[in-house]
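Enquirer: protein13.cif (mmCIF, C-alpha atoms and all ligand atoms) pasted underneath:
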```
data_upload
#
loop_
_atom_site.group_PDB
_atom_site.id
_atom_site.type_symbol
_atom_site.label_atom_id
_atom_site.label_comp_id
_atom_site.auth_asym_id
_atom_site.auth_seq_id
_atom_site.Cartn_x
_atom_site.Cartn_y
_atom_site.Cartn_z
ATOM 1 C CA MET A 1 82.017 94.324 103.605
ATOM 2 C CA ALA A 2 82.021 94.969 99.855
ATOM 3 C CA ILE A 3 84.827 93.507 97.817
ATOM 4 C CA LYS A 4 86.936 96.164 96.067
ATOM 5 C CA TYR A 5 89.565 94.222 94.142
ATOM 6 C CA LEU A 6 89.572 93.664 90.378
ATOM 7 C CA LYS A 7 88.113 90.340 89.341
ATOM 8 C CA MET A 8 89.442 88.466 86.342
ATOM 9 C CA PRO A 9 87.012 87.874 83.463
ATOM 10 C CA GLU A 10 84.949 84.870 84.596
ATOM 11 C CA ASN A 11 86.341 82.544 81.917
ATOM 12 C CA LYS A 12 90.015 83.462 82.326
ATOM 13 C CA VAL A 13 92.880 82.929 84.761
ATOM 14 C CA VAL A 14 96.552 83.914 84.697
ATOM 15 C CA ILE A 15 98.897 81.155 85.826
ATOM 16 C CA THR A 16 102.299 82.138 87.235
ATOM 17 C CA VAL A 17 104.922 79.480 87.817
ATOM 18 C CA ALA A 18 107.679 79.971 90.417
ATOM 19 C CA GLN A 19 110.163 77.341 89.423
ATOM 20 C CA THR A 20 113.347 77.730 91.460
ATOM 21 C CA GLY A 21 113.069 80.005 94.508
ATOM 22 C CA ALA A 22 115.767 80.840 97.016
ATOM 23 C CA LEU A 23 115.163 78.029 99.480
ATOM 24 C CA VAL A 24 114.566 74.831 97.541
ATOM 25 C CA SER A 25 117.204 72.833 95.687
ATOM 26 C CA LYS A 26 117.747 69.518 93.940
ATOM 27 C CA LYS A 27 118.375 68.052 97.401
ATOM 28 C CA LEU A 28 114.688 68.587 98.203
ATOM 29 C CA ASN A 29 113.445 67.730 94.728
ATOM 30 C CA PRO A 30 115.789 66.749 91.866
ATOM 31 C CA SER A 31 113.419 68.480 89.413
ATOM 32 C CA VAL A 32 114.135 72.013 90.720
ATOM 33 C CA PRO A 33 115.679 73.915 87.771
ATOM 34 C CA GLU A 34 118.717 75.858 88.977
ATOM 35 C CA GLN A 35 120.925 76.765 86.021
ATOM 36 C CA PRO A 36 119.852 78.959 83.045
ATOM 37 C CA ASP A 37 119.400 76.101 80.550
ATOM 38 C CA GLU A 38 117.264 74.145 82.995
ATOM 39 C CA ILE A 39 115.190 77.220 83.897
ATOM 40 C CA ALA A 40 114.632 78.023 80.211
ATOM 41 C CA GLN A 41 113.565 74.462 79.356
ATOM 42 C CA SER A 42 111.265 74.316 82.371
ATOM 43 C CA SER A 43 109.774 77.721 81.429
ATOM 44 C CA TYR A 44 109.024 76.437 77.945
ATOM 45 C CA ASP A 45 107.400 73.278 79.311
ATOM 46 C CA CYS A 46 105.286 75.383 81.712
ATOM 47 C CA PHE A 47 104.339 77.791 78.914
ATOM 48 C CA ASN A 48 103.166 74.817 76.852
ATOM 49 C CA GLU A 49 100.986 73.683 79.767
ATOM 50 C CA GLY A 50 99.385 77.136 80.158
ATOM 51 C CA ALA A 51 101.628 79.334 82.305
ATOM 52 C CA ALA A 52 101.630 82.986 81.215
ATOM 53 C CA ILE A 53 104.238 84.253 83.712
ATOM 54 C CA VAL A 54 107.498 82.759 84.965
ATOM 55 C CA HIS A 55 108.803 84.033 88.325
ATOM 56 C CA ILE A 56 112.598 83.788 88.160
ATOM 57 C CA HIS A 57 115.358 83.347 90.747
ATOM 58 C CA ALA A 58 118.989 83.113 89.608
ATOM 59 C CA ARG A 59 121.774 80.936 90.961
ATOM 60 C CA ASP A 60 125.505 81.179 90.314
ATOM 61 C CA LYS A 61 127.508 78.219 89.000
ATOM 62 C CA ASN A 62 127.628 76.803 92.555
ATOM 63 C CA ASN A 63 123.836 77.096 92.852
ATOM 64 C CA VAL A 64 124.084 79.956 95.352
ATOM 65 C CA ASN A 65 121.377 82.655 95.069
ATOM 66 C CA SER A 66 122.564 85.508 92.888
ATOM 67 C CA GLY A 67 121.430 88.995 91.933
ATOM 68 C CA ASP A 68 123.916 89.177 89.055
ATOM 69 C CA PRO A 69 122.238 90.874 86.062
ATOM 70 C CA ALA A 70 124.416 88.821 83.699
ATOM 71 C CA ILE A 71 122.857 85.582 84.950
ATOM 72 C CA PHE A 72 119.349 87.044 84.760
ATOM 73 C CA ASN A 73 120.136 88.219 81.210
ATOM 74 C CA GLU A 74 121.277 84.741 80.257
ATOM 75 C CA ILE A 75 118.092 83.200 81.686
ATOM 76 C CA HIS A 76 115.904 85.766 79.898
ATOM 77 C CA ASP A 77 117.676 85.236 76.553
ATOM 78 C CA LYS A 78 117.384 81.483 76.806
ATOM 79 C CA ILE A 79 113.674 81.680 77.635
ATOM 80 C CA ARG A 80 113.047 84.207 74.855
ATOM 81 C CA GLN A 81 114.646 81.859 72.324
ATOM 82 C CA LYS A 82 111.878 79.397 73.153
ATOM 83 C CA CYS A 83 108.701 81.389 73.935
ATOM 84 C CA ASN A 84 107.137 84.757 74.793
ATOM 85 C CA VAL A 85 106.120 83.959 78.385
ATOM 86 C CA ILE A 86 106.094 87.005 80.735
ATOM 87 C CA LEU A 87 109.403 87.384 82.599
ATOM 88 C CA GLN A 88 108.989 88.252 86.286
ATOM 89 C CA ASP A 89 112.230 88.421 88.300
ATOM 90 C CA SER A 90 112.550 88.082 92.050
ATOM 91 C CA THR A 91 113.895 91.029 94.027
ATOM 92 C CA GLY A 92 113.460 88.865 97.125
ATOM 93 C CA GLY A 93 116.810 87.279 96.364
ATOM 94 C CA GLY A 94 117.965 85.156 99.269
ATOM 95 C CA ALA A 95 119.476 85.369 102.741
ATOM 96 C CA ASN A 96 122.966 85.939 101.274
ATOM 97 C CA LEU A 97 122.020 89.049 99.243
ATOM 98 C CA THR A 98 121.922 92.730 100.254
ATOM 99 C CA VAL A 99 119.013 94.997 99.346
ATOM 100 C CA GLU A 100 121.264 96.550 96.672
ATOM 101 C CA GLN A 101 122.151 93.160 95.167
ATOM 102 C CA ARG A 102 118.480 92.227 95.104
ATOM 103 C CA THR A 103 117.815 94.999 92.550
ATOM 104 C CA GLY A 104 120.486 93.604 90.167
ATOM 105 C CA CYS A 105 117.902 91.640 88.185
ATOM 106 C CA LEU A 106 116.205 94.899 87.116
ATOM 107 C CA GLU A 107 119.218 95.708 84.932
ATOM 108 C CA ALA A 108 118.305 92.618 82.899
ATOM 109 C CA HIS A 109 114.960 94.296 82.011
ATOM 110 C CA PRO A 110 112.326 91.821 83.174
ATOM 111 C CA GLU A 111 108.712 92.800 82.448
ATOM 112 C CA MET A 112 107.688 92.381 86.084
ATOM 113 C CA ALA A 113 109.467 91.931 89.423
ATOM 114 C CA SER A 114 108.430 90.899 92.898
ATOM 115 C CA LEU A 115 108.135 93.664 95.503
ATOM 116 C CA ASN A 116 108.101 92.331 99.065
ATOM 117 C CA MET A 117 105.843 94.492 101.212
ATOM 118 C CA GLY A 118 107.454 94.276 104.642
ATOM 119 C CA THR A 119 110.273 93.098 106.858
ATOM 120 C CA LEU A 120 110.151 89.505 108.091
ATOM 121 C CA VAL A 121 112.236 87.293 110.359
ATOM 122 C CA ARG A 122 113.359 83.876 109.138
ATOM 123 C CA THR A 123 112.068 81.309 111.579
ATOM 124 C CA PHE A 124 114.105 78.122 111.037
ATOM 125 C CA GLY A 125 117.025 76.605 109.143
ATOM 126 C CA GLU A 126 120.516 78.056 108.770
ATOM 127 C CA ALA A 127 119.265 81.645 108.560
ATOM 128 C CA ALA A 128 116.844 81.381 111.555
ATOM 129 C CA GLY A 129 116.641 84.643 113.475
ATOM 130 C CA THR A 130 118.012 86.747 110.640
ATOM 131 C CA VAL A 131 115.961 89.638 109.357
ATOM 132 C CA TRP A 132 114.799 89.956 105.761
ATOM 133 C CA MET A 133 114.783 93.707 105.365
ATOM 134 C CA ASN A 134 112.027 95.362 103.376
ATOM 135 C CA THR A 135 111.517 98.651 105.194
ATOM 136 C CA ARG A 136 109.098 101.273 103.877
ATOM 137 C CA ALA A 137 112.090 103.179 102.506
ATOM 138 C CA ASP A 138 113.446 100.001 100.862
ATOM 139 C CA ILE A 139 110.060 99.333 99.256
ATOM 140 C CA GLU A 140 109.885 102.854 97.834
ATOM 141 C CA GLY A 141 113.471 102.488 96.609
ATOM 142 C CA PHE A 142 112.625 99.214 94.854
ATOM 143 C CA VAL A 143 109.611 100.819 93.141
ATOM 144 C CA LYS A 144 111.616 103.822 91.956
ATOM 145 C CA ARG A 145 114.299 101.533 90.558
ATOM 146 C CA MET A 146 111.600 99.409 88.850
ATOM 147 C CA ASN A 147 110.127 102.587 87.362
ATOM 148 C CA GLN A 148 113.541 103.516 85.912
ATOM 149 C CA PHE A 149 113.566 100.229 84.029
ATOM 150 C CA GLY A 150 109.854 100.177 83.136
ATOM 151 C CA VAL A 151 109.290 97.077 85.293
ATOM 152 C CA LYS A 152 105.860 96.371 86.771
ATOM 153 C CA PRO A 153 105.908 95.385 90.456
ATOM 154 C CA GLU A 154 103.981 92.438 91.827
ATOM 155 C CA MET A 155 103.402 93.209 95.507
ATOM 156 C CA GLU A 156 104.137 90.201 97.722
ATOM 157 C CA VAL A 157 101.909 90.180 100.805
ATOM 158 C CA TYR A 158 102.559 87.792 103.712
ATOM 159 C CA ASN A 159 100.193 89.171 106.356
ATOM 160 C CA LEU A 160 97.435 91.737 106.881
ATOM 161 C CA ALA A 161 99.815 94.506 107.965
ATOM 162 C CA MET A 162 101.398 94.246 104.539
ATOM 163 C CA LEU A 163 98.028 94.913 102.903
ATOM 164 C CA GLU A 164 98.008 98.180 104.829
ATOM 165 C CA GLU A 165 101.510 98.797 103.481
ATOM 166 C CA VAL A 166 100.067 98.277 99.987
ATOM 167 C CA GLU A 167 97.485 101.020 100.693
ATOM 168 C CA ILE A 168 100.216 103.343 101.947
ATOM 169 C CA LEU A 169 102.358 102.681 98.872
ATOM 170 C CA LEU A 170 99.472 103.129 96.431
ATOM 171 C CA LYS A 171 98.647 106.518 97.973
ATOM 172 C CA LYS A 172 102.150 107.702 97.001
ATOM 173 C CA GLY A 173 101.095 107.405 93.340
ATOM 174 C CA LEU A 174 104.378 105.846 92.232
ATOM 175 C CA MET A 175 102.746 102.993 90.325
ATOM 176 C CA LYS A 176 100.203 102.793 87.522
ATOM 177 C CA PRO A 177 97.006 100.720 87.836
ATOM 178 C CA PRO A 178 96.018 97.966 87.490
ATOM 179 C CA PHE A 179 98.118 96.697 90.401
ATOM 180 C CA ASN A 180 99.213 93.118 91.019
ATOM 181 C CA VAL A 181 99.182 91.598 94.499
ATOM 182 C CA ASN A 182 100.362 88.119 95.430
ATOM 183 C CA LEU A 183 98.563 86.839 98.543
ATOM 184 C CA ILE A 184 100.852 84.416 100.397
ATOM 185 C CA LEU A 185 99.617 81.864 102.924
ATOM 186 C CA GLY A 186 101.478 79.083 104.677
ATOM 187 C CA MET A 187 105.047 80.281 104.441
ATOM 188 C CA ALA A 188 105.894 79.508 108.060
ATOM 189 C CA TYR A 189 109.590 80.093 107.293
ATOM 190 C CA GLN A 190 108.895 83.799 107.000
ATOM 191 C CA GLY A 191 105.952 84.027 109.340
ATOM 192 C CA ALA A 192 103.211 84.356 106.704
ATOM 193 C CA LEU A 193 99.546 83.883 107.606
ATOM 194 C CA SER A 194 98.674 80.203 107.746
ATOM 195 C CA THR A 195 96.646 78.407 105.075
ATOM 196 C CA ASP A 196 93.284 79.010 106.695
ATOM 197 C CA HIS A 197 90.371 79.735 104.361
ATOM 198 C CA ASN A 198 89.010 82.418 106.694
ATOM 199 C CA LEU A 199 92.336 84.226 106.682
ATOM 200 C CA PHE A 200 92.370 84.045 102.892
ATOM 201 C CA ASN A 201 88.878 85.509 102.840
ATOM 202 C CA THR A 202 90.028 88.281 105.176
ATOM 203 C CA TYR A 203 92.838 89.138 102.765
ATOM 204 C CA LEU A 204 90.242 89.489 100.009
ATOM 205 C CA GLN A 205 88.078 91.806 102.076
ATOM 206 C CA TYR A 206 90.945 94.241 102.611
ATOM 207 C CA LEU A 207 92.475 94.069 99.144
ATOM 208 C CA PRO A 208 92.389 97.628 97.720
ATOM 209 C CA GLU A 209 90.755 98.827 94.511
ATOM 210 C CA ASN A 210 92.378 98.273 91.123
ATOM 211 C CA CYS A 211 94.271 95.188 92.307
ATOM 212 C CA TYR A 212 94.321 91.839 90.565
ATOM 213 C CA PHE A 213 95.363 89.117 92.951
ATOM 214 C CA ASN A 214 97.282 85.878 92.789
ATOM 215 C CA THR A 215 96.790 83.144 95.342
ATOM 216 C CA LEU A 216 100.014 81.600 96.618
ATOM 217 C CA GLY A 217 99.370 78.753 99.023
ATOM 218 C CA VAL A 218 102.546 77.053 100.195
ATOM 219 C CA GLY A 219 102.649 73.227 100.180
ATOM 220 C CA LYS A 220 99.394 71.401 99.540
ATOM 221 C CA ALA A 221 97.459 74.677 99.787
ATOM 222 C CA GLN A 222 98.927 75.508 96.393
ATOM 223 C CA THR A 223 96.080 73.464 94.923
ATOM 224 C CA THR A 224 93.313 73.982 97.497
ATOM 225 C CA LEU A 225 93.659 77.730 98.048
ATOM 226 C CA GLY A 226 94.633 78.190 94.400
ATOM 227 C CA THR A 227 91.280 76.670 93.434
ATOM 228 C CA LEU A 228 89.422 78.857 95.921
ATOM 229 C CA GLY A 229 91.288 81.892 94.600
ATOM 230 C CA MET A 230 90.134 81.164 91.065
ATOM 231 C CA ILE A 231 86.532 80.838 92.265
ATOM 232 C CA MET A 232 86.916 84.236 93.942
ATOM 233 C CA GLY A 233 88.048 85.832 90.672
ATOM 234 C CA GLY A 234 91.787 85.662 91.138
ATOM 235 C CA ASN A 235 94.849 84.258 89.474
ATOM 236 C CA VAL A 236 97.112 81.466 90.730
ATOM 237 C CA ARG A 237 100.794 80.911 91.352
ATOM 238 C CA VAL A 238 102.114 77.352 91.388
ATOM 239 C CA GLY A 239 105.574 75.788 91.151
ATOM 240 C CA LEU A 240 108.364 74.071 93.033
ATOM 241 C CA GLU A 241 109.506 77.313 94.746
ATOM 242 C CA ASP A 242 106.444 77.060 96.963
ATOM 243 C CA ASN A 243 105.645 73.333 96.896
ATOM 244 C CA VAL A 244 107.938 70.422 96.000
ATOM 245 C CA TYR A 245 105.223 67.737 96.289
ATOM 246 C CA TYR A 246 102.531 66.575 93.882
ATOM 247 C CA LYS A 247 100.668 64.949 96.737
ATOM 248 C CA ARG A 248 101.477 63.664 100.209
ATOM 249 C CA GLY A 249 104.682 61.622 100.058
ATOM 250 C CA GLU A 250 105.071 62.031 96.283
ATOM 251 C CA LEU A 251 107.465 64.622 94.867
ATOM 252 C CA ALA A 252 106.330 66.609 91.832
ATOM 253 C CA THR A 253 108.156 65.441 88.726
ATOM 254 C CA SER A 254 108.405 68.960 87.243
ATOM 255 C CA ASN A 255 107.076 72.493 87.430
ATOM 256 C CA ALA A 256 105.077 71.719 84.295
ATOM 257 C CA GLN A 257 103.268 68.936 86.145
ATOM 258 C CA LEU A 258 102.067 71.469 88.747
ATOM 259 C CA VAL A 259 100.993 73.904 86.009
ATOM 260 C CA ALA A 260 99.138 71.106 84.186
ATOM 261 C CA ARG A 261 97.187 70.227 87.333
ATOM 262 C CA ILE A 262 96.000 73.783 88.054
ATOM 263 C CA VAL A 263 95.081 74.267 84.385
ATOM 264 C CA LYS A 264 93.006 71.078 84.518
ATOM 265 C CA ILE A 265 91.160 72.402 87.583
ATOM 266 C CA ALA A 266 90.731 75.829 85.944
ATOM 267 C CA ARG A 267 89.134 74.206 82.899
ATOM 268 C CA GLU A 268 86.773 72.234 85.133
ATOM 269 C CA LEU A 269 85.743 75.634 86.562
ATOM 270 C CA GLY A 270 85.125 76.962 83.041
ATOM 271 C CA LYS A 271 88.301 79.041 82.884
ATOM 272 C CA GLU A 272 90.989 79.049 80.182
ATOM 273 C CA PRO A 273 94.540 80.025 81.087
ATOM 274 C CA CYS A 274 95.450 83.428 79.615
ATOM 275 C CA THR A 275 98.157 83.457 76.990
ATOM 276 C CA PRO A 276 101.097 85.756 77.777
ATOM 277 C CA ALA A 277 99.656 88.268 75.274
ATOM 278 C CA GLU A 278 96.258 88.248 77.025
ATOM 279 C CA ALA A 279 97.893 88.656 80.443
ATOM 280 C CA ARG A 280 100.034 91.536 79.144
ATOM 281 C CA GLU A 281 96.925 93.303 77.929
ATOM 282 C CA LEU A 282 95.082 92.832 81.239
ATOM 283 C CA PHE A 283 98.053 93.977 83.341
ATOM 284 C CA GLY A 284 99.077 96.877 81.096
ATOM 285 C CA LEU A 285 102.399 95.412 79.967
ATOM 286 C CA LYS A 286 103.895 96.177 76.567
ATOM 287 C CA PRO A 287 103.283 93.541 73.856
ATOM 288 C CA VAL A 288 106.181 91.151 73.099
ATOM 289 C CA LYS A 289 106.434 89.149 69.875
HETATM 290 N N1 LIG B 301 108.720 82.608 98.118
HETATM 291 C C1 LIG B 301 107.461 83.261 98.026
HETATM 292 C C2 LIG B 301 106.566 82.936 99.180
HETATM 293 C C3 LIG B 301 110.256 86.846 95.991
HETATM 294 O O1 LIG B 301 110.848 86.029 95.335
HETATM 295 O O2 LIG B 301 110.511 88.054 95.979
HETATM 296 C C4 LIG B 301 107.563 84.717 97.792
HETATM 297 C C5 LIG B 301 108.474 85.166 96.700
HETATM 298 C C6 LIG B 301 109.124 86.470 96.900
HETATM 299 O O3 LIG B 301 108.615 84.520 95.680
HETATM 300 ZN ZN ZN B 302 110.449 84.035 94.643
#
```
Would you put the structure from the file into structure tokens?
Ligand code: KMH
Ligand code: ZN
Expert:
Amino acid sequence: MAIKYLKMPENKVVITVAQTGALVSKKLNPSVPEQPDEIAQSSYDCFNEGAAIVHIHARDKNNVNSGDPAIFNEIHDKIRQKCNVILQDSTGGGANLTVEQRTGCLEAHPEMASLNMGTLVRTFGEAAGTVWMNTRADIEGFVKRMNQFGVKPEMEVYNLAMLEEVEILLKKGLMKPPFNVNLILGMAYQGALSTDHNLFNTYLQYLPENCYFNTLGVGKAQTTLGTLGMIMGGNVRVGLEDNVYYKRGELATSNAQLVARIVKIARELGKEPCTPAEARELFGLKPVK
């Protein structure tokens, strides 16, 4: 089967860092940045190590997941005072947020936002058995709201059915190419495909035309599948949202440490991390000073 997706230039890779997430906290790893100042400092450190995009989740003062545009604005302003990294907000939110609240971040004008491509059931923990709604109508609603604010979606794909949902969405013509897809493996909490190399390869075979892809392996697959993804012409997402360890039994000391490791591997493969300006040009985002 011929591959259809867009490959990155052979000597380049875009690194995204997901620093905070909705599920991890300082209890799991004291280095998880939760409040705006911490997120901004961590973003700057990651930018200095080679990250071009920061994926952002907001917490209120009690560290509860929030969709409040004021908090997203504060995070954006604090990051912008330090560097021009691409701002990508999460519309995934958290188990406590409604679909409506999850679009709050768009009012803070990020450059990109996550777009989750299907409904999933949480499998364990406090929210086990609850449904994370992303119906086809919700997805279209998210895209239309992103279009109002000039925000580019990154489509989050957890299983093969969601790749079909990508095809269905693209046929509606609501989004401009090139498209961005994040291929997720290993997120057992939300029933994603497991971190099997053959499953990853299957994702790649069904990835539509005009799509750049990110590899997001949860846990130790952040490094292994991330490396494979780069070899296959893709980009990589790392960070404490998806993996709190540096290696077995050893917590990562920071998000920047995880960025530094993937950049080191990229360079060994002959790839330089894209600057934010280079990534903006590739993905069709407006330049930012
Ligand atoms: N936690 C990741 C597996 C979102 O924030 O909208 C997916 C994610 C989605 O980051
Ligand atoms: Zn996220």
Enquirer: Could you list, as an MDAnalysis selection string, every residue matched by the PyMOL selection byres (((chain A and resi 90) around 8) and not hetatm) in this structure?
Expert: chainID A and resid 55:57 88:89 91:93 102 105 113:115
Enquirer: Output C-alpha atoms for every residue in that selection, as a PDB file, in the coordinates of the input.
Expert:
```pdb
ATOM      1  CA  HIS A  55     108.803  84.033  88.325  1.00  0.00           C
ATOM      2  CA  ILE A  56     112.598  83.788  88.160  1.00  0.00           C
ATOM      3  CA  HIS A  57     115.358  83.347  90.747  1.00  0.00           C
ATOM      4  CA  GLN A  88     108.989  88.252  86.286  1.00  0.00           C
ATOM      5  CA  ASP A  89     112.230  88.421  88.300  1.00  0.00           C
ATOM      6  CA  THR A  91     113.895  91.029  94.027  1.00  0.00           C
ATOM      7  CA  GLY A  92     113.460  88.865  97.125  1.00  0.00           C
ATOM      8  CA  GLY A  93     116.810  87.279  96.364  1.00  0.00           C
ATOM      9  CA  ARG A 102     118.480  92.227  95.104  1.00  0.00           C
ATOM     10  CA  CYS A 105     117.902  91.640  88.185  1.00  0.00           C
ATOM     11  CA  ALA A 113     109.467  91.931  89.423  1.00  0.00           C
ATOM     12  CA  SER A 114     108.430  90.899  92.898  1.00  0.00           C
ATOM     13  CA  LEU A 115     108.135  93.664  95.503  1.00  0.00           C
TER      14      LEU A 115
END
```
Enquirer: Run the PyMOL selection byres (((chain A and resi 110) around 7) and not hetatm) against the file shown and list the residues it catches, as an MDAnalysis selection string.
Expert: chainID A and resid 87:89 106 108:109 111:113 151
Enquirer: Determine the nearest neighbour of ligand ZN 302 (chain B) from the options A:Met8, A:Leu282, A:Val24, A:Met175, counting only C-alpha atoms and all ligand atoms.
Expert: A:Val24
Enquirer: So that I can check the surroundings of segment 26-29 of chain A, please list as a ChimeraX atom specification every protein, DNA and RNA residue that reaches within 10 Å of it, counting all atoms listed in the file and ignoring chain neighbours fewer than 6 positions away.
Expert: /A:20,63,240,243-245,251-254
Enquirer: Check the smallest atom-to-atom distance from each of A:Gln101, A:Asn116, A:Ser25, A:Gln41 to ligand ZN 302 (chain B) using only C-alpha atoms and all ligand atoms, then report the winner.
Expert: A:Asn116
Enquirer: For a test of reading the model, state the distance in Å between atom CA of Val238 of chain A and atom CA of Lys82 of chain A, rounded to one decimal.
Expert: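 Going from atom CA of Val238 of chain A over to atom CA of Lys82 of chain A covers 20.8 Å.
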Enquirer: Provide the atom CA of Gly141 of chain A to atom CA of Asn180 of chain A distance in Å, to one decimal place.
Expert: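 Result for atom CA of Gly141 of chain A versus atom CA of Asn180 of chain A: 18.0 Å, one decimal.
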Enquirer: Let me know the residues the PyMOL selection byres (((chain A and resi 132) around 10) and not hetatm) catches in the file above, as number ranges by chain.
Expert: A: 92-95, 97-99, 116, 118-122, 127, 129-131, 133-135, 190
Enquirer: So that I can see what lies close to Gln205 of chain A, please list as a PyMOL selection string the residues with an atom at most 9 Å from it, counting all atoms listed in the file and leaving out residues fewer than 6 positions away in the same chain.
Expert: chain A and resi 1-5
Enquirer: Identify which of the residues A:Ala22, A:Val181, A:Val85, A:Ile262 lies closest to ligand ZN 302 (chain B), counting only C-alpha atoms and all ligand atoms when measuring atom-to-atom distances.
Expert: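 Going through A:Ala22, A:Val181, A:Val85, A:Ile262 one by one, the smallest distance to ligand ZN 302 (chain B) is for A:Ala22.
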Enquirer: Pick from A:Glu38, A:Glu74, A:Glu140, A:Glu241: nearest to ligand LIG 301 (chain B), with all atoms listed in the file counted?
Expert: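 For ligand LIG 301 (chain B), the nearest of the given residues is A:Glu241.
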Enquirer: Out of A:Val14, A:Leu258, A:Met117, A:Pro153, which residue has the shortest atom-to-atom distance to Asp138 of chain A when counting all atoms listed in the file?
Expert: A:Met117
Enquirer: Could you write out as AutoDock Vina command-line options the box around ligand LIG 301 (chain B) (axis-aligned, all atoms listed in the file, 8 Å on each side), with centre and edge lengths in Å to one decimal?
Expert:
```
--center_x 108.7 --center_y 85.3 --center_z 97.3 --size_x 20.3 --size_y 21.4 --size_z 19.8
```
Enquirer: Have a look at atom CA of Leu185 of chain A and atom CA of Leu170 of chain A and let me know their distance in Å, one decimal.
Expert: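 Separation of atom CA of Leu185 of chain A and atom CA of Leu170 of chain A: 22.2 Å.
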Enquirer: Under the rule that only C-alpha atoms are counted, which of A:Gly239, A:Gly191, A:Gly284, A:Pro276 is the nearest residue to Pro177 of chain A?
Expert: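 Among the listed residues, A:Gly284 lies closest to Pro177 of chain A.
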Enquirer: Find the spatial neighbours of segment 160-167 of chain A, counting all atoms listed in the file, within a cut-off of 9 Å - ignore same-chain residues fewer than 4 positions away - and output them as number ranges by chain.
Expert: A: 116-118, 136, 155-156, 171-172, 181, 193, 202-203, 206-208
Enquirer: Next, write the just-selected residues to a file, as a PDB file, in the coordinates of the input, keeping C-alpha atoms as the atom set.
Expert:
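File result05.pdb, as written:
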```pdb
ATOM      1  CA  ASN A 116     108.101  92.331  99.065  1.00  0.00           C
ATOM      2  CA  MET A 117     105.843  94.492 101.212  1.00  0.00           C
ATOM      3  CA  GLY A 118     107.454  94.276 104.642  1.00  0.00           C
ATOM      4  CA  ARG A 136     109.098 101.273 103.877  1.00  0.00           C
ATOM      5  CA  MET A 155     103.402  93.209  95.507  1.00  0.00           C
ATOM      6  CA  GLU A 156     104.137  90.201  97.722  1.00  0.00           C
ATOM      7  CA  LYS A 171      98.647 106.518  97.973  1.00  0.00           C
ATOM      8  CA  LYS A 172     102.150 107.702  97.001  1.00  0.00           C
ATOM      9  CA  VAL A 181      99.182  91.598  94.499  1.00  0.00           C
ATOM     10  CA  LEU A 193      99.546  83.883 107.606  1.00  0.00           C
ATOM     11  CA  THR A 202      90.028  88.281 105.176  1.00  0.00           C
ATOM     12  CA  TYR A 203      92.838  89.138 102.765  1.00  0.00           C
ATOM     13  CA  TYR A 206      90.945  94.241 102.611  1.00  0.00           C
ATOM     14  CA  LEU A 207      92.475  94.069  99.144  1.00  0.00           C
ATOM     15  CA  PRO A 208      92.389  97.628  97.720  1.00  0.00           C
TER      16      PRO A 208
END
```
Enquirer: For Asp60 of chain A, please output as a PyMOL selection string all residues within 8 Å (counting all atoms listed in the file; exclusion window: fewer than 6 positions along the same chain).
Expert: chain A and resi 35+66+71
Enquirer: Near Ala260 of chain A, counting all atoms listed in the file, which residues have an atom at most 12 Å away, once you skip same-chain residues fewer than 6 positions from it, shown as a list in words?
Expert: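 Surrounding residues, per the criterion: Ile15, Thr16, Val17, Asp45, Cys46, Phe47, Asn48, Glu49, Gly50, Ala51, Thr223, Val238, Gly239, Tyr246, Ala252, Thr253, Ser254, Ala266, Arg267 and Pro273 of chain A.
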